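To start, the structure under review is shown below, and the notes come after it.
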Amino acid sequence: MTAWEIRGWCPGALRPMQSGDGLVVRIRPPLGRLTPEQAQAIADAAETHGNGILDLSARANLQLRGVTEASHPRLIEDLRAQALIDPDIQTESLRNLIVTPFRAPRPGLDPGPLVGPGTLDEGRGPGSSPGRGSLDAADTDTLAATLTAALARMPRLPGKFGFALDTGPRPVLTGASADIRVERSPDGRLILRPDGHPLGQPVTDLARDTIAMAEWFVANGGISNGRGRMVALIARGIVPPDCTVASAEPLPAPAPGLHPDGALVALAFGQMQAATLRALAALGQEIRPTPWRMLLIVGATTLPQIPGLIIDPADPILRITACTGAPACPQGLGDTRQLARQLAPHLAPGQSLHLSGCAKGCAHPGPAPLTLTATDKGYDLIRGGTAHDTPSLTGLSPQAILNHLKAPHAPPL
C-alpha cells in the first residue's frame with residue numbers, strides 16, 4: 001500500500017481532475033503549438049472560469065486551475081471555439097504526444113522517410129521547403145500531424161503511455177516522459193526508439209511503424225492491471241525486433257535565452273498567472289510549450305521583459321523542481337513552492353533539488369541528485385533517488401533545512 005493515490009491517468013480538458021483548489025483542466029496544444037489567438041483565449045478562460053493560475057506540465061501541456069463543476073461546460077465551449085478541444089474523451093486521452101519545439105531549418109540534414117509514399121518526400125506544394133537537405137517547421141508539423149492521426153488507430157494503451165516526436169539533428173526531449181520516441185540517427189535517418197533502450201528501428205512509414213511498436217508492447221505483456229510503461233518492459237529484457245540503429249548524441253536540456261527558433265522563457269515551477277500568458281499572446285508570435293516548463297516565443301529576436309518570466313539562465317529557482325504541494329494538491333503533506341523559494345538562494349553552486357509534496361513525486365518521477373519529500377512528520381531527504389525511495393534523513397523541519405543551507409561553510413545537503 002502507498003500513502004498516496006495512484007490514479008494511473010492524467011487530467012484532460014474533457015476529463016478534468018479534482019485537486020485541492022478545484023478542477024485541473026489540461027489542454028494539449030495541437031501539434032505542440034499555440035497561435036496568439038489561442039493563447040489569448042486560454043488566458044481569458046483561466047480568469048473567467050478558473051482562478052487565473054496556469055501550469056505548464058512536464059509533457060508540454062497547459063493546465064487551468066480552480067475550475068468548478070459549474071464553470072467547466074462554459075470553459076469547454078470557449079476553448080472549443082479555438083479548436084483546442086478534442087471531439088471526445090477517448091480521442092483526448094490518446095493524444096499524449098510531445099513535439100520538439102525546435103523546428104528552425106537545419107542545413108544539411110536529410111529528413112529521410114517521413115510519412116510514407118506519396119506524401120512529404122514525393123510531393124510538396126508550391127513554395128514549400130526542399131524535401132532534402134533541411135528540416136523545417138513544415139516537416140515537423142507534417143510528422144506531428146501524421147503521428148497524431150495514427151494515435152486514433154493505436155491499441156488500447158495505459159493512460160500515461162506517451163510518444164515523443166524529437167526529430168531535430170540531435171534529440172533534445174530525452175528527459176521528457178515518453179514510451180515511444182521518434183528520433184534521428186547520426187546520419188539523419190528517422191528511427192523509432194523504445195524508451196529505455198539505446199537503439200531503435202529504422203522508420204519506413206511513421207504511422208504504420210509506430211502502431212506496430214505499440215501493438216508489440218501490448219502483445220509482449222507491457223500492460224498489467226491497466227498500467228504499464230515501455231521502460232519497465234525493456235528492463236525485463238524484452239526488446240522490439242530490428243532495434244539496431246543508435247540515436248544521435250542527445251543534447252542537454254536548453255536554458256532560457258535566444259535560440260534559432262526564437263526566445264525561450266522560463267516560469268518558476270512551471271506556473272504563471274493568466275496575465276503573463278495574455279502579455280505573451282500580445283507579442284503576436286506563435287507560442288510552443290515545452291516539457292522543460294518553458295515557453296518558446298517563435299521568431300522573437302529579443303527576450304520579452306514581462307513580469308513573471310525568468311530569462312536569466314543563472315536564476316537559482318531553475319535548479320528546483322517542485323510540485324503544487326499542499327494545500328492546492330489534496331495529496332500534498334506539506335508546502336513545496338514557498339519553501340523552494342526560500343531555499344533557492346542558498347543552494348550550493350550547481351546543486352539541484354526536487355521538492356515533492358508527497359512520495360508520489362509527480363513533478364519529477366525519476367531519480368534526482370537530491371529530493372526533499374514532505375511527510376506527516378516533516379521532510380525526508382533522499383539522495384540519488386526518487387521521492388518514495390529510502391531517505392537518509394527523516395523528519396526535517398523547513399527551518400532546519402534552511403538553517404543548514406545558511407550555515408557558513410555548510411556542506412551540501
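Each chain in the C-alpha cells gets a letter, A, B, ..., in the order shown, and its residues are numbered from 1; ligands are numbered from 1 in order too.
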
| request: Mind listing the alpha helix (DSSP H) residues of segment 45-245 of chain A, per DSSP on the backbone, as an MDAnalysis selection string? | output: chainID A and resid 45:49 72:80 89:94 137:151 206:219 230:235

Could you list, as JSON, numbers by chain, every residue within 12 Å of Ala164 of chain A, counting only C-alpha atoms and ignoring same-chain residues fewer than 5 positions away? {"A": [31, 32, 59, 60, 95, 96, 97, 98, 99, 100, 101, 140, 143, 144, 147, 148, 171, 172, 173, 174, 175, 176, 177, 178, 179, 180, 181, 182, 183, 191, 192, 193, 194, 195, 210, 290, 291]}

Between A:Asn61, A:Ser93, A:Thr48, A:Thr321, smallest distance to Asp78 of chain A by only C-alpha atoms belongs to A:Thr48

Self-check item: Residue neighbourhood His346 of chain A, 9 Å, only C-alpha atoms, exclusion window fewer than 6 positions, as a VMD selection string
Solution: chain A and resid 316 402 405 to 406

Based on the selection just made, write N, CA and C atoms of those residues as a PDB file, in the first residue's frame.
```pdb
ATOM      1  N   PRO A 316      18.634  30.827  -9.627  1.00  0.00           N
ATOM      2  CA  PRO A 316      18.686  29.565  -8.864  1.00  0.00           C
ATOM      3  C   PRO A 316      17.353  28.845  -8.768  1.00  0.00           C
ATOM      4  N   LEU A 402      16.604  25.111   6.110  1.00  0.00           N
ATOM      5  CA  LEU A 402      17.081  26.444   5.775  1.00  0.00           C
ATOM      6  C   LEU A 402      18.303  26.816   6.613  1.00  0.00           C
ATOM      7  N   LEU A 405      21.422  25.210   5.169  1.00  0.00           N
ATOM      8  CA  LEU A 405      21.914  25.826   3.947  1.00  0.00           C
ATOM      9  C   LEU A 405      22.536  27.197   4.210  1.00  0.00           C
ATOM     10  N   LYS A 406      22.029  27.900   5.226  1.00  0.00           N
ATOM     11  CA  LYS A 406      22.548  29.232   5.541  1.00  0.00           C
ATOM     12  C   LYS A 406      23.842  29.190   6.341  1.00  0.00           C
TER      13      LYS A 406
END
```

Just want the 7 Å neighbourhood of Pro367 of chain A, counted on only C-alpha atoms, with same-chain residues fewer than 5 positions away dropped. Output as a VMD selection string. chain A and resid 384 to 386

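Note that atom CA of Thr302 of chain A and atom CA of Leu258 of chain A are 7.1 Å apart.
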
Atom pair atom CA of Ala348 of chain A / atom CA of Ile401 of chain A: separation (Å):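 Between atom CA of Ala348 of chain A and atom CA of Ile401 of chain A the gap works out to 13.3 Å.
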
Do you know which residues are at most 12 Å from Ile76 of chain A counting only C-alpha atoms, after dropping those on the same chain fewer than 6 positions away, and could you put them as a VMD selection string? chain A and resid 12 to 16 25 to 27 41 to 42 45 to 46 48 to 50 64 67 to 70 82 to 88

The selected residues should be written to file as a short mmCIF file (atom, residue, chain, number, x, y, z; two decimals), in the first residue's frame (atoms: C-alpha atoms).
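That gives us again-v3.cif:
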```cif
data_model
loop_
_atom_site.label_atom_id
_atom_site.label_comp_id
_atom_site.auth_asym_id
_atom_site.auth_seq_id
_atom_site.Cartn_x
_atom_site.Cartn_y
_atom_site.Cartn_z
CA GLY A 12 -7.64 16.36 -19.72
CA ALA A 13 -9.98 19.12 -20.77
CA LEU A 14 -12.99 16.84 -21.14
CA ARG A 15 -11.91 14.68 -18.20
CA PRO A 16 -10.55 17.09 -15.56
CA VAL A 25 -8.20 21.13 -16.78
CA ARG A 26 -5.35 20.11 -19.10
CA ILE A 27 -5.09 21.47 -22.64
CA ALA A 41 -8.36 32.60 -25.31
CA ILE A 42 -6.68 30.32 -22.77
CA ALA A 45 -10.71 31.28 -19.92
CA ALA A 46 -8.34 30.82 -16.97
CA THR A 48 -13.24 33.73 -16.38
CA HIS A 49 -13.76 30.07 -15.50
CA GLY A 50 -10.86 29.29 -13.13
CA LEU A 64 -6.01 25.65 -15.89
CA VAL A 67 -12.24 25.41 -12.42
CA THR A 68 -15.59 24.43 -10.91
CA GLU A 69 -18.23 21.93 -11.95
CA ALA A 70 -20.46 24.86 -12.85
CA GLN A 82 -10.43 27.98 -30.72
CA ALA A 83 -10.01 24.34 -31.89
CA LEU A 84 -8.39 23.38 -28.59
CA ILE A 85 -10.82 20.62 -27.57
CA ASP A 86 -10.93 17.06 -28.89
CA PRO A 87 -14.25 15.57 -30.07
CA ASP A 88 -14.45 13.12 -27.15
#
```

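Nearest to Pro254 of chain A of all the residues A:Leu199, A:Ala274, A:Leu318, A:Ala344 is A:Leu318, counting only C-alpha atoms.
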